[in-house]
Structures are given as C-alpha cells and as structure tokens.
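To be precise, the following lines are data-v3.txt, and they hold compact mmCIF, C-alpha atoms.
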# COMPACT_ATOMS: atom_id res chain seq x y z
CA MET J 690 -90.57 -50.58 58.02
CA TYR J 691 -88.96 -52.33 60.91
CA ALA J 692 -90.25 -53.98 64.04
CA GLN J 693 -87.36 -52.80 66.18
CA PHE J 694 -84.42 -50.41 66.25
CA PHE J 695 -81.21 -51.83 64.71
CA GLY J 696 -79.21 -51.07 67.88
CA ASN J 697 -81.63 -53.10 69.99
CA PHE J 698 -81.39 -55.97 67.52
CA LEU J 699 -77.58 -55.95 67.84
CA LEU J 700 -77.85 -55.86 71.61
CA SER J 701 -80.39 -58.64 71.93
CA HIS J 702 -78.30 -60.83 69.60
CA GLU J 703 -75.28 -60.13 71.81
CA VAL J 704 -73.28 -58.77 68.87
CA ILE J 705 -72.24 -55.72 70.87
CA THR J 706 -72.22 -54.65 74.51
CA LYS J 707 -74.28 -51.80 75.91
CA GLU J 708 -71.16 -49.64 76.21
CA GLN J 709 -70.20 -50.27 72.58
CA LEU J 710 -73.71 -49.35 71.48
CA LEU J 711 -73.73 -46.07 73.40
CA THR J 712 -70.32 -45.10 71.95
CA ALA J 713 -71.38 -46.03 68.41
CA MET J 714 -74.59 -43.99 68.75
CA GLU J 715 -72.54 -40.94 69.70
CA GLN J 716 -70.03 -41.51 66.91
CA LYS J 717 -72.58 -41.89 64.16
CA ALA J 718 -74.29 -38.66 65.19
CA ALA J 719 -70.96 -36.87 64.91
CA HIS J 720 -69.94 -38.45 61.60
CA ARG J 721 -73.14 -38.52 59.62
CA PRO J 722 -72.84 -35.98 56.78
CA ASN J 723 -75.71 -33.53 56.90
CA LEU J 724 -77.61 -32.23 53.90
CA GLY J 725 -75.63 -28.99 53.83
CA THR J 726 -72.30 -30.81 53.63
CA LEU J 727 -73.64 -33.07 50.89
CA ALA J 728 -74.95 -30.03 48.97
CA ILE J 729 -71.54 -28.32 49.10
CA HIS J 730 -69.88 -31.54 48.00
CA ALA J 731 -72.30 -31.86 45.06
CA GLY J 732 -71.64 -28.24 44.06
CA TYR J 733 -75.29 -27.25 44.61
CA MET J 734 -74.66 -24.77 47.40
CA SER J 735 -71.88 -22.50 48.61
CA ALA J 736 -70.75 -22.52 52.22
CA GLY J 737 -72.36 -19.11 52.63
CA GLU J 738 -75.70 -20.40 51.43
CA VAL J 739 -75.52 -23.35 53.82
CA GLU J 740 -74.72 -20.95 56.64
CA HIS J 741 -77.68 -18.77 55.61
CA ILE J 742 -80.06 -21.77 55.81
CA HIS J 743 -78.67 -22.74 59.21
CA ILE J 744 -79.44 -19.23 60.47
CA LEU J 745 -82.98 -19.42 59.03
CA GLN J 746 -83.42 -22.75 60.83
CA THR J 747 -82.92 -21.02 64.17
CA HIS J 748 -86.02 -18.93 63.43
CA GLN J 749 -88.24 -21.46 61.68
CA ASP J 750 -88.81 -25.04 62.63
CA LEU J 751 -88.37 -26.37 59.11
CA LYS J 752 -86.03 -28.94 57.67
CA PHE J 753 -82.87 -27.86 55.88
CA GLY J 754 -84.19 -29.17 52.55
CA GLU J 755 -87.54 -27.40 52.91
CA LEU J 756 -85.88 -24.05 53.59
CA ALA J 757 -83.39 -24.52 50.75
CA VAL J 758 -86.30 -25.05 48.34
CA GLN J 759 -88.32 -22.18 49.82
CA THR J 760 -85.43 -19.76 49.33
CA GLY J 761 -84.91 -20.99 45.77
CA ILE J 762 -81.36 -22.27 46.35
CA LEU J 763 -82.20 -25.91 45.66
CA THR J 764 -84.88 -27.61 43.59
CA GLU J 765 -86.97 -30.38 45.08
CA ALA J 766 -85.26 -32.85 42.77
CA GLN J 767 -81.87 -31.79 44.13
CA VAL J 768 -83.07 -32.19 47.74
CA ASN J 769 -84.36 -35.68 46.96
CA GLU J 770 -81.07 -36.57 45.32
CA LEU J 771 -79.14 -35.38 48.39
CA LEU J 772 -81.49 -37.21 50.74
CA SER J 773 -80.93 -40.44 48.86
CA MET J 774 -77.18 -39.96 49.39
CA GLN J 775 -77.74 -39.88 53.15
CA ALA J 776 -77.71 -43.44 54.45
CA PRO J 777 -80.60 -44.45 56.74
CA ASP J 778 -79.72 -43.91 60.34
CA TYR J 779 -79.32 -47.60 61.13
CA LEU J 780 -76.67 -47.93 58.44
CA ALA J 781 -74.81 -45.02 60.00
CA LEU J 782 -74.85 -46.97 63.26
CA GLY J 783 -73.42 -50.00 61.42
CA GLU J 784 -70.69 -47.85 59.88
CA ALA J 785 -69.72 -46.46 63.27
CA LEU J 786 -69.33 -50.02 64.59
CA VAL J 787 -67.16 -50.99 61.61
CA SER J 788 -64.95 -47.92 61.87
CA SER J 789 -64.29 -48.58 65.54
CA GLY J 790 -63.35 -52.18 64.71
CA ILE J 791 -66.16 -53.86 66.71
CA ILE J 792 -67.46 -55.67 63.64
CA ASP J 793 -66.12 -55.94 60.08
CA ASN J 794 -67.94 -55.25 56.84
CA TYR J 795 -68.72 -58.92 56.24
CA GLU J 796 -70.34 -59.17 59.62
CA LEU J 797 -72.26 -55.94 59.00
CA GLU J 798 -73.56 -57.30 55.72
CA ARG J 799 -74.71 -60.51 57.39
CA LEU J 800 -76.34 -58.61 60.28
CA ILE J 801 -78.22 -56.25 57.97
CA VAL J 802 -79.67 -59.19 56.05
CA GLU J 803 -80.62 -60.94 59.29
CA TYR J 804 -82.08 -57.74 60.76
CA ALA J 805 -84.19 -57.12 57.65
CA SER J 806 -85.49 -60.68 57.46
CA GLU J 807 -86.33 -60.85 61.16
CA ASN J 808 -87.73 -57.37 61.49
CA GLU J 809 -89.23 -56.22 58.24
CA ILE J 810 -92.91 -55.93 58.99
CA TYR J 811 -93.87 -56.91 55.45
CA ASP J 812 -91.83 -60.08 55.79
CA LEU J 813 -93.42 -61.05 59.08
CA ASP J 814 -96.60 -61.47 57.17
CA SER J 815 -94.51 -62.76 54.28
CA SER J 816 -97.11 -63.10 51.57
CA GLU J 817 -96.69 -60.89 48.53
CA ASP J 818 -100.49 -60.74 48.29
CA SER J 819 -100.84 -58.98 51.62
CA ARG J 820 -98.19 -56.50 50.70
CA GLU J 821 -99.88 -55.70 47.42
CA LYS J 822 -103.21 -55.46 49.17
CA VAL J 823 -101.86 -52.91 51.63
CA GLU J 824 -100.39 -50.83 48.82
CA GLN J 825 -103.61 -50.95 46.82
CA LEU J 826 -105.78 -50.11 49.79
CA PHE J 827 -103.63 -47.18 50.61
CA LYS J 828 -103.65 -45.81 47.07
CA HIS J 829 -107.42 -46.15 47.02
CA TYR J 830 -107.73 -44.51 50.40
CA LEU J 831 -105.60 -41.54 49.36
CA HIS J 832 -107.41 -41.22 46.10
CA THR J 833 -110.87 -41.14 47.54
CA SER J 834 -110.35 -39.35 50.81
CA GLU J 835 -111.03 -35.67 51.27
CA LYS J 836 -107.49 -35.04 52.33
CA GLU J 837 -105.70 -32.90 49.75
CA SER J 838 -102.16 -33.92 50.47
CA VAL J 839 -100.21 -36.15 52.80
CA ASN J 840 -96.71 -35.59 54.12
CA GLU J 841 -94.18 -38.41 54.41
CA PHE J 842 -94.96 -39.04 58.09
CA GLU J 843 -98.71 -39.34 57.43
CA LEU J 844 -97.92 -41.76 54.62
CA LEU J 845 -95.66 -43.84 56.87
CA TYR J 846 -98.22 -43.68 59.69
CA ASN J 847 -101.10 -44.94 57.55
CA THR J 848 -99.13 -47.59 55.71
CA LEU J 849 -97.89 -48.91 59.04
CA LEU J 850 -101.45 -48.94 60.41
CA PHE J 851 -102.66 -51.04 57.49
CA ASN J 852 -99.69 -53.35 57.94
CA ASN J 853 -100.40 -53.70 61.64
CA LEU J 854 -104.06 -54.51 60.93
CA VAL J 855 -102.93 -57.22 58.50
CA ARG J 856 -100.34 -58.48 60.94
CA PHE J 857 -102.33 -58.45 64.19
CA ILE J 858 -106.04 -58.58 63.24
CA GLY J 859 -106.27 -60.05 59.74
CA ASP J 860 -106.21 -58.98 56.09
CA ASP J 861 -109.96 -59.41 55.53
CA PHE J 862 -110.75 -55.72 55.92
CA THR J 863 -111.90 -52.88 53.68
CA PRO J 864 -111.19 -49.26 54.51
CA ILE J 865 -113.90 -46.76 53.59
CA LEU J 866 -112.97 -43.41 52.13
CA GLY J 867 -111.60 -40.99 54.65
CA SER J 868 -113.64 -37.92 55.41
CA LYS J 869 -113.09 -34.79 57.43
CA CYS J 870 -114.53 -35.04 60.87
CA LEU J 871 -115.65 -32.12 63.01
CA GLU J 872 -117.45 -34.01 65.74
CA TYR J 873 -117.97 -37.64 66.56
CA PRO J 874 -120.29 -39.54 68.93
CA LYS J 875 -118.26 -42.36 70.41
CA SER J 876 -119.01 -45.98 71.33
CA PHE J 877 -116.01 -47.51 73.13
CA CYS J 878 -113.03 -45.36 72.32
CA VAL J 879 -109.32 -45.43 73.09
CA SER J 880 -106.96 -42.62 72.10
CA GLN J 881 -103.24 -41.99 72.19
CA GLU J 882 -101.16 -38.95 71.34
CA ILE J 883 -97.74 -38.63 69.72
CA ARG J 884 -95.91 -35.35 70.22
CA GLY J 885 -92.92 -33.79 68.57
CA LYS J 886 -92.06 -33.07 64.92
CA PHE J 887 -95.09 -35.13 63.95
CA HIS J 888 -98.04 -34.47 66.20
CA ILE J 889 -101.02 -36.79 65.93
CA LYS J 890 -103.74 -38.19 68.14
CA LEU J 891 -105.17 -41.52 67.05
CA TYR J 892 -108.64 -42.63 68.18
CA ILE J 893 -109.94 -46.15 67.72
CA ASP J 894 -113.66 -46.57 68.30
CA MET J 895 -116.12 -49.43 67.96
CA PRO J 896 -119.20 -50.88 69.70
CA GLU J 897 -118.51 -53.24 72.60
CA THR J 898 -119.57 -56.32 70.62
CA THR J 899 -117.03 -55.45 67.93
CA CYS J 900 -114.42 -54.87 70.66
CA ILE J 901 -114.91 -58.46 71.86
CA ALA J 902 -114.25 -59.87 68.38
CA PHE J 903 -111.33 -57.48 67.81
CA ALA J 904 -109.71 -58.45 71.13
CA SER J 905 -110.21 -62.17 70.41
CA ARG J 906 -108.36 -61.83 67.13
CA TYR J 907 -105.66 -59.60 68.60
CA THR J 908 -104.81 -61.83 71.56
CA GLY J 909 -105.76 -65.25 70.17
CA ASP J 910 -108.01 -65.78 73.24
CA ASP J 911 -111.74 -66.30 72.93
CA PHE J 912 -113.45 -63.49 74.76
CA GLU J 913 -117.18 -63.86 75.35
CA GLU J 914 -117.98 -60.66 77.17
CA PHE J 915 -116.71 -57.11 77.31
CA ASP J 916 -114.26 -56.95 80.21
CA GLU J 917 -111.08 -55.15 81.22
CA TYR J 918 -108.91 -57.47 79.07
CA VAL J 919 -110.99 -56.62 76.01
CA ALA J 920 -110.66 -52.90 76.77
CA ALA J 921 -106.92 -53.35 77.32
CA SER J 922 -106.59 -55.08 73.94
CA LEU J 923 -107.64 -51.89 72.17
CA GLU J 924 -105.21 -49.84 74.23
CA ASP J 925 -102.49 -52.38 73.54
CA PHE J 926 -103.05 -52.36 69.78
CA VAL J 927 -102.96 -48.55 69.61
CA ASN J 928 -99.87 -48.44 71.84
CA LEU J 929 -98.11 -51.07 69.74
CA HIS J 930 -98.90 -49.30 66.48
CA ASN J 931 -97.78 -45.91 67.76
CA GLY J 932 -94.70 -47.38 69.43
CA LEU J 933 -93.62 -49.10 66.21
CA PHE J 934 -94.21 -45.85 64.34
CA CYS J 935 -91.88 -44.01 66.76
CA VAL J 936 -89.27 -46.78 66.30
CA ASN J 937 -89.44 -46.43 62.51
CA VAL J 938 -89.18 -42.64 62.60
CA SER J 939 -86.21 -42.91 64.97
CA ASN J 940 -84.59 -45.60 62.81
CA ASP J 941 -85.07 -43.94 59.43
CA TYR J 942 -85.08 -40.21 60.20
CA ASN J 943 -83.18 -39.98 63.48
CA ILE J 944 -86.15 -38.04 64.89
CA GLU J 945 -87.39 -38.83 68.39
CA LEU J 946 -91.10 -38.50 69.11
CA GLU J 947 -92.82 -38.57 72.46
CA LEU J 948 -95.57 -41.13 73.07
CA LEU J 949 -98.16 -40.52 75.80
CA PRO J 950 -99.95 -43.39 77.58
CA PRO J 951 -103.15 -44.58 75.82
CA MET J 952 -106.42 -43.39 77.34
CA ILE J 953 -110.00 -44.63 77.42
CA GLU J 954 -112.17 -41.69 76.30
CA THR J 955 -115.09 -40.88 78.54
CA SER J 956 -116.73 -37.91 76.82
CA PRO J 957 -119.75 -39.09 74.74
CA LEU J 958 -119.18 -36.59 71.92
CA PHE J 959 -115.90 -35.23 70.60
CA GLU J 960 -115.54 -31.87 68.97
CA PHE J 961 -112.19 -31.66 67.27
CA LYS J 962 -110.19 -28.48 67.62
CA ASN J 963 -107.71 -29.53 64.95
CA GLU J 964 -108.03 -31.08 61.51
CA ALA J 965 -109.41 -34.60 61.98
CA PHE J 966 -110.11 -37.45 59.56
CA LEU J 967 -112.41 -40.38 60.05
CA MET J 968 -111.49 -43.67 58.40
CA PRO J 969 -113.89 -46.57 58.99
CA VAL J 970 -112.40 -50.03 58.41
CA ILE J 971 -114.89 -52.83 57.83
CA TYR J 972 -114.15 -56.35 59.06
CA PRO J 973 -116.60 -59.27 58.89
CA PHE J 974 -117.01 -58.96 62.67
CA GLY J 975 -117.84 -55.24 62.62
CA THR J 976 -116.64 -51.76 61.75
CA ILE J 977 -113.69 -50.08 63.39
CA ASN J 978 -113.54 -46.30 63.23
CA PHE J 979 -110.12 -44.72 63.21
CA ILE J 980 -109.86 -40.97 63.66
CA PHE J 981 -106.62 -39.14 63.02
CA GLU J 982 -106.46 -35.73 64.66
CA LEU J 983 -103.57 -33.84 63.16
CA ASP J 984 -101.84 -30.85 64.57
CA CYS J 985 -99.38 -29.51 62.09
CA ASN J 986 -98.17 -26.67 64.30
CA GLU J 987 -94.76 -27.96 65.19
CA GLU J 988 -93.80 -27.57 68.79
CA MET B 1394 -82.13 -69.54 92.72
CA LYS B 1395 -85.09 -71.65 91.74
CA LEU B 1396 -87.79 -69.92 89.72
CA GLU B 1397 -90.39 -71.29 92.16
CA GLU B 1398 -88.78 -69.28 94.97
CA ALA B 1399 -88.35 -66.10 92.96
CA LYS B 1400 -90.32 -62.88 93.23
CA ILE B 1401 -90.93 -61.10 89.95
CA LEU B 1402 -92.29 -57.56 89.73
CA ILE B 1403 -94.20 -56.67 86.56
CA SER B 1404 -95.02 -53.01 86.03
CA ASP B 1405 -97.09 -52.09 83.00
CA ASP B 1406 -100.21 -49.95 82.70
CA SER B 1407 -101.74 -52.55 80.38
CA ILE B 1408 -103.42 -55.41 82.24
CA LEU B 1409 -103.16 -57.36 78.99
CA SER B 1410 -99.38 -56.96 78.74
CA ARG B 1411 -99.01 -58.03 82.37
CA LYS B 1412 -101.10 -61.12 81.70
CA GLN B 1413 -99.15 -62.01 78.54
CA LEU B 1414 -95.84 -61.69 80.36
CA LYS B 1415 -97.09 -63.77 83.31
CA ASP B 1416 -98.42 -66.44 80.94
CA ALA B 1417 -95.03 -66.64 79.20
CA ILE B 1418 -93.24 -67.07 82.53
CA LEU B 1419 -95.80 -69.57 83.88
CA HIS B 1420 -94.75 -71.96 81.10
CA LEU B 1421 -91.38 -72.14 82.82
CA GLY B 1422 -92.41 -72.25 86.48
CA THR B 1423 -94.48 -70.55 89.13
CA PRO B 1424 -92.70 -67.64 90.80
CA THR B 1425 -94.50 -65.11 92.99
CA PHE B 1426 -95.73 -62.18 90.91
CA ILE B 1427 -96.14 -58.61 92.07
CA GLU B 1428 -98.00 -56.31 89.68
CA THR B 1429 -98.19 -52.55 89.42
CA SER B 1430 -99.56 -50.25 86.75
CA ASN B 1431 -97.37 -47.17 87.10
CA GLY B 1432 -93.74 -46.29 87.79
CA GLN B 1433 -94.31 -44.86 91.27
CA ASP B 1434 -96.09 -48.02 92.46
CA ALA B 1435 -93.23 -50.05 90.97
CA ILE B 1436 -90.70 -48.13 93.09
CA ASP B 1437 -92.80 -48.51 96.24
CA SER B 1438 -93.35 -52.23 95.62
CA TYR B 1439 -89.66 -52.76 94.93
CA LYS B 1440 -88.68 -51.19 98.24
CA ARG B 1441 -91.26 -53.24 100.10
CA GLU B 1442 -90.90 -56.60 98.39
CA LYS B 1443 -87.28 -56.64 97.09
CA PRO B 1444 -88.10 -58.74 94.03
CA ASP B 1445 -85.41 -60.77 92.22
CA LEU B 1446 -86.33 -59.49 88.78
CA VAL B 1447 -88.31 -56.53 87.44
CA PHE B 1448 -90.06 -56.09 84.10
CA LEU B 1449 -90.88 -52.43 83.44
CA ASP B 1450 -92.80 -50.68 80.70
CA ILE B 1451 -91.56 -47.19 79.72
CA VAL B 1452 -94.69 -45.26 78.77
CA MET B 1453 -96.74 -45.32 81.97
CA PRO B 1454 -98.84 -42.79 83.82
CA VAL B 1455 -97.69 -41.02 87.04
CA LYS B 1456 -94.01 -41.91 86.61
CA ASP B 1457 -92.45 -43.45 83.52
CA GLY B 1458 -90.24 -46.52 83.38
CA ASN B 1459 -86.91 -44.71 82.99
CA ALA B 1460 -87.54 -42.56 86.04
CA ALA B 1461 -88.52 -45.71 87.95
CA ILE B 1462 -85.28 -47.51 86.97
CA ARG B 1463 -83.18 -44.64 88.30
CA GLU B 1464 -84.99 -44.58 91.64
CA ILE B 1465 -84.95 -48.34 92.03
CA ARG B 1466 -81.23 -48.50 91.19
CA GLU B 1467 -80.52 -45.73 93.69
CA PHE B 1468 -82.21 -47.84 96.34
CA ASP B 1469 -80.60 -51.08 95.13
CA PRO B 1470 -77.70 -50.75 92.63
CA LYS B 1471 -77.90 -54.49 91.94
CA ALA B 1472 -81.56 -54.43 90.87
CA GLU B 1473 -82.16 -56.58 87.80
CA ILE B 1474 -84.46 -54.56 85.56
CA ILE B 1475 -85.67 -55.47 82.08
CA ILE B 1476 -87.55 -52.94 79.95
CA VAL B 1477 -90.50 -54.22 77.94
CA SER B 1478 -91.78 -51.51 75.62
CA SER B 1479 -93.32 -50.78 72.25
CA VAL B 1480 -91.17 -47.64 71.98
CA GLY B 1481 -87.69 -49.08 71.43
CA THR B 1482 -86.31 -45.95 69.77
CA GLN B 1483 -82.66 -44.95 69.90
CA ALA B 1484 -83.29 -42.35 72.58
CA GLN B 1485 -85.40 -44.67 74.73
CA LEU B 1486 -82.89 -47.50 74.46
CA LYS B 1487 -80.04 -45.14 75.34
CA ALA B 1488 -81.94 -43.70 78.30
CA ALA B 1489 -82.85 -47.16 79.59
CA ILE B 1490 -79.27 -48.46 79.36
CA GLU B 1491 -77.88 -45.34 80.98
CA ALA B 1492 -80.43 -45.60 83.78
CA GLY B 1493 -79.24 -49.16 84.40
CA ALA B 1494 -81.62 -51.52 82.58
CA LYS B 1495 -80.15 -54.96 81.86
CA ASP B 1496 -82.12 -55.67 78.73
CA PHE B 1497 -84.70 -54.13 76.42
CA ILE B 1498 -87.52 -56.18 74.95
CA GLN B 1499 -89.36 -54.65 72.02
CA LYS B 1500 -93.11 -55.34 72.01
CA PRO B 1501 -94.82 -57.38 70.69
CA MET B 1502 -93.17 -59.71 73.16
CA ASN B 1503 -91.27 -62.66 71.86
CA THR B 1504 -91.78 -65.57 74.27
CA ASN B 1505 -88.36 -67.04 73.39
CA GLN B 1506 -86.71 -63.85 74.54
CA ILE B 1507 -88.64 -64.00 77.84
CA ALA B 1508 -87.67 -67.66 78.26
CA SER B 1509 -83.99 -66.91 77.73
CA ILE B 1510 -84.08 -64.05 80.26
CA ILE B 1511 -85.74 -66.28 82.85
CA SER B 1512 -83.60 -69.37 82.26
CA SER B 1513 -80.35 -67.38 82.42
CA ARG B 1514 -81.29 -66.18 85.91
CA PHE B 1515 -83.30 -68.97 87.54
CA GLU B 1516 -83.33 -72.74 87.68
CA GLY B 1517 -86.47 -74.26 86.19
CA ARG B 1518 -88.63 -76.89 87.78
Here is a file; write its structure as structure tokens.
Amino acid sequence: MYAQFFGNFLLSHEVITKEQLLTAMEQKAAHRPNLGTLAIHAGYMSAGEVEHIHILQTHQDLKFGELAVQTGILTEAQVNELLSMQAPDYLALGEALVSSGIIDNYELERLIVEYASENEIYDLDSSEDSREKVEQLFKHYLHTSEKESVNEFELLYNTLLFNNLVRFIGDDFTPILGSKCLEYPKSFCVSQEIRGKFHIKLYIDMPETTCIAFASRYTGDDFEEFDEYVAASLEDFVNLHNGLFCVNVSNDYNIELELLPPMIETSPLFEFKNEAFLMPVIYPFGTINFIFELDCNEE
Amino acid sequence: MKLEEAKILISDDSILSRKQLKDAILHLGTPTFIETSNGQDAIDSYKREKPDLVFLDIVMPVKDGNAAIREIREFDPKAEIIIVSSVGTQAQLKAAIEAGAKDFIQKPMNTNQIASIISSRFEGR
C-alpha cells in the first residue's frame, strides 16, 4: 500500500517533467500486456477464445479473468498465475520511462527503493509490531464477522482503514466483530461515497465527546469543545482514507474510482437500502462506529 | 516578491485543511490569505483579488478543482495553481497537469513540500 502515486513521486522529486510523465502514462497503457495476450503466450488460450471473452466483456461488466473462469476456459489458479506475470501499474510506468531513455534501469531501481521506503504505509509506522497487529486484527475481524466473503477491494479497503487508524489515531484500538446492519441511529456522523468498479459508502459515527478526543489525536491539537474544526477532523480522516484507497487502486490495478465530497449526515436514523456492515472500534477515549454500505451492482 | 506582500488563495471544503495549510505558511511569513470552500467561489475570488498563488483541492462541492483550474487559467494563463488533494490518482494527476496545475501535493500535507513551494516563489522575512 502506498501513500502516493508513483508518477506524482517522480514529479515531486523532479526526476521527470510533466510532459515526460504524460507521455509515459500513455505509452505504458499501450504497451502493458493484457491478460489475454499473456494467456495466449502461456498456451492457456487460443486467439479465438480470447476474442470470445472480449465479446462477452462488452455485455457483462466483469473482468477478463472472471469471465475466462466462468466459461471454463481457465482455472482460477491459471488466472492467478497470469495476474502475477502482469507487473503492477507503477512498474509499467517505470518501464515506459526506461524505454524512452528518460531514466536508465539503475536509476529506476534506486527510485523504486526510495519510493517504497518513503511511501509504504506500513513503513511510515515502521514497527513490525503494528504491522502484525493490523494483520491479526483483520484476520480476527474476518473470522468473526457475519460477512461470508470479501473481494480483493474490500480486503484492501479494510486493511488500509486499520493502517490509517494506526497511522493517524493510534494503535491502541480493538475492533469488535462486524455485523450486518439494517438501520442505525446516529450520533455525530460523517459519510463519503466512492463510485465506480468498487462502490462503497463509508460512515464514521461517534458521540461528540468521542469526536473531541478523536480530533485531538488526529490533528495533534488539544480540542476542549465540539466545534467546526472537530467536525472537520472527522471529514478529513474519512476523505484521507478514501483518497489513499483510490490512489492505491489506481496504482496497483489501473482502475480509476470517483470520490464524492464528505458529508455530515443530518438524518437521525439511517435505513440502509444496500448491504451494510457495522464495525465498532474501541479506543480508550471512546467507541468509533464504522459502517460500510456496499453496492455490488457495478455501474 | 516578498511573502509579506503576497496574496494567497486557499480553496478547500475542509476548514481543517485550510487551517493546516495556513499554519504551514505562517511559519515562513505572513501573506494575505483568501479562503474559499468550493471551486466556483475560488474562480470568483481569483477574478476579484488576483492572488499570486493558489492552493486548490480537487474533490469539492459545487465545482471541483480541475474545473476551477481551467476557468482560472482561461482568465489568467499565468495563474500559479498548486493542487492539494488526497486523491492523487493517475487520472487526477493527469487531469490537473493538463488543466495547467504547477504542482500536485498528495495529502496528508508534508510541510517541507509547502515550504519549498513558498520559498521558490517568494522571499522570506
């Protein structure tokens, strides 16, 4: 998980110009081998089968790999093998810069190391203990929650949320088992929606006294009463988490999501239209309720 | 130009982000700040006040940051606009650069990055 997009890192370190970045972004999109090409190369699919899946994709909003498994052409193991052959998107960007002679491989190697050490969210918190704690908490959460299965985006979303709590609020928290949520009476609640291939609305809710302590930890200022800065701290945290999630999805999957502005909820009781999960997180200063409203109907 | 004489427009729907950005700049000097909380107000303030530097968020109500950059740059092609956003994805970065942004700061803000943007444009105290 990264704290910023590789291209922005290169730009802010003045390794490349804006023009070079734009050209490289176009090049890598054109040169990156897709799953179909890799499958032909590996001898798993014929060109006709690849073509067939491409046609199916025009009717169903599913990934190439998902359709190939559904139609029985590939096994899941084969899809995973092909996916691992596809370099993460940021490496493709690096390759495009090398092939156009803007940087050489030695420089790319150095930049990747520097990028990872500056931007890996785990490393920002640096302690191995925190990392283990996040992994353990998440396993426990998945194990005990009522949710039957999680897709890779939900996994990334939740792991990142735990990391962001460790990073911005503190690691002295305990998440309580997630449960399905049909309606919810709110205290002070902020929500924000992400749209696109992964559609989720995150709610963060807590009593005003807990908000004050949360905001004090988040900003490093000592708030004594509930005011507009305290309210804005909750919005800011949600916006930061969701923004970083969009950056990671863009960086690793080359998928762009749309983030809407955060909102303060005014309705006293929510009734969820879609599948929603409540996950309380207990800190010494109070309990934070996170609600994830999922909408799996892809747009 | 001296930072003390500069006008800086900060447009972000989060009052907290505006405060954090102002605090980071106030370590370096005391320019005049103009604040707005959406893209349309940023455009209107720019036309009225002609600030020397603009910090813009992308995800904002009414009109987003990228739309605001385009309108501001149409009015003043030399406008110095820096994006400050939590959504530094490939598409957002590309859109911001193409619209004419000079730099893109990924939130959470790094005060050193703010300091280098300010000191490369203005003389300190």
>> Only residues of chain B matter here; which ones have an atom within 6 Å of chain J, counting only C-alpha atoms? Give them as a PyMOL selection string.
In response: chain B and resi 1409+1452-1453+1479-1482
> Pick from B:Lys1415, B:Lys1487, B:Lys1456, B:Arg1466: nearest to Asp1434 in chain B, with all atoms listed in the file counted?
Replying inline: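 Looking at the shortest contact to Asp1434 in chain B, the residue is B:Lys1456.
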> Skipping near chain neighbours, those fewer than 5 positions away, what residues fall within 9 Å of range 1443-1445 of chain B using only C-alpha atoms, listed as a PyMOL selection string?
Replying inline: chain B and resi 1399-1402+1426-1427+1438+1469+1472-1473
> Could you name the residues that touch Phe862 in chain J at 8 Å or less, counting only C-alpha atoms, but leaving out those on the same chain fewer than 3 positions away, as a list in words?
Replying inline: Gly859, Val970, Ile971, Tyr972 and Pro973 of chain J
> In file coordinates, which residues lie within 12 Å of (-116.4, -60.0, 77.1) using all atoms listed in the file, given as a PyMOL selection string?
Replying inline: chain J and resi 897-905+910-922
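Across the model, the gap from CA of Val758 in chain J to CA of Glu740 in chain J is 14.8 Å.
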> Within 10 Å of Phe961 in chain J, counting only C-alpha atoms, which residues qualify if same-chain residues fewer than 6 places away don't, as JSON, numbers by chain?
Replying inline: {"J": [870, 871, 872, 873, 982, 983]}
>> One decimal, in Å: what's the spacing between CA of Thr726 in chain J and CA of Ser773 in chain J?
In response: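 Going from CA of Thr726 in chain J over to CA of Ser773 in chain J covers 13.8 Å.
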> Do you have the CA of Leu800 in chain J-CA of Ile1475 in chain B distance handy?
Replying inline: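 Calculated distance between CA of Leu800 in chain J and CA of Ile1475 in chain B is 23.9 Å.
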> Near Phe753 in chain J, within 12 Å and counting only C-alpha atoms, which residues show up once chain neighbours fewer than 2 positions away are dropped, as a PyMOL selection string?
Replying inline: chain J and resi 723-728+738-747+749-751+755-760+762-763+765+768-769+771-772
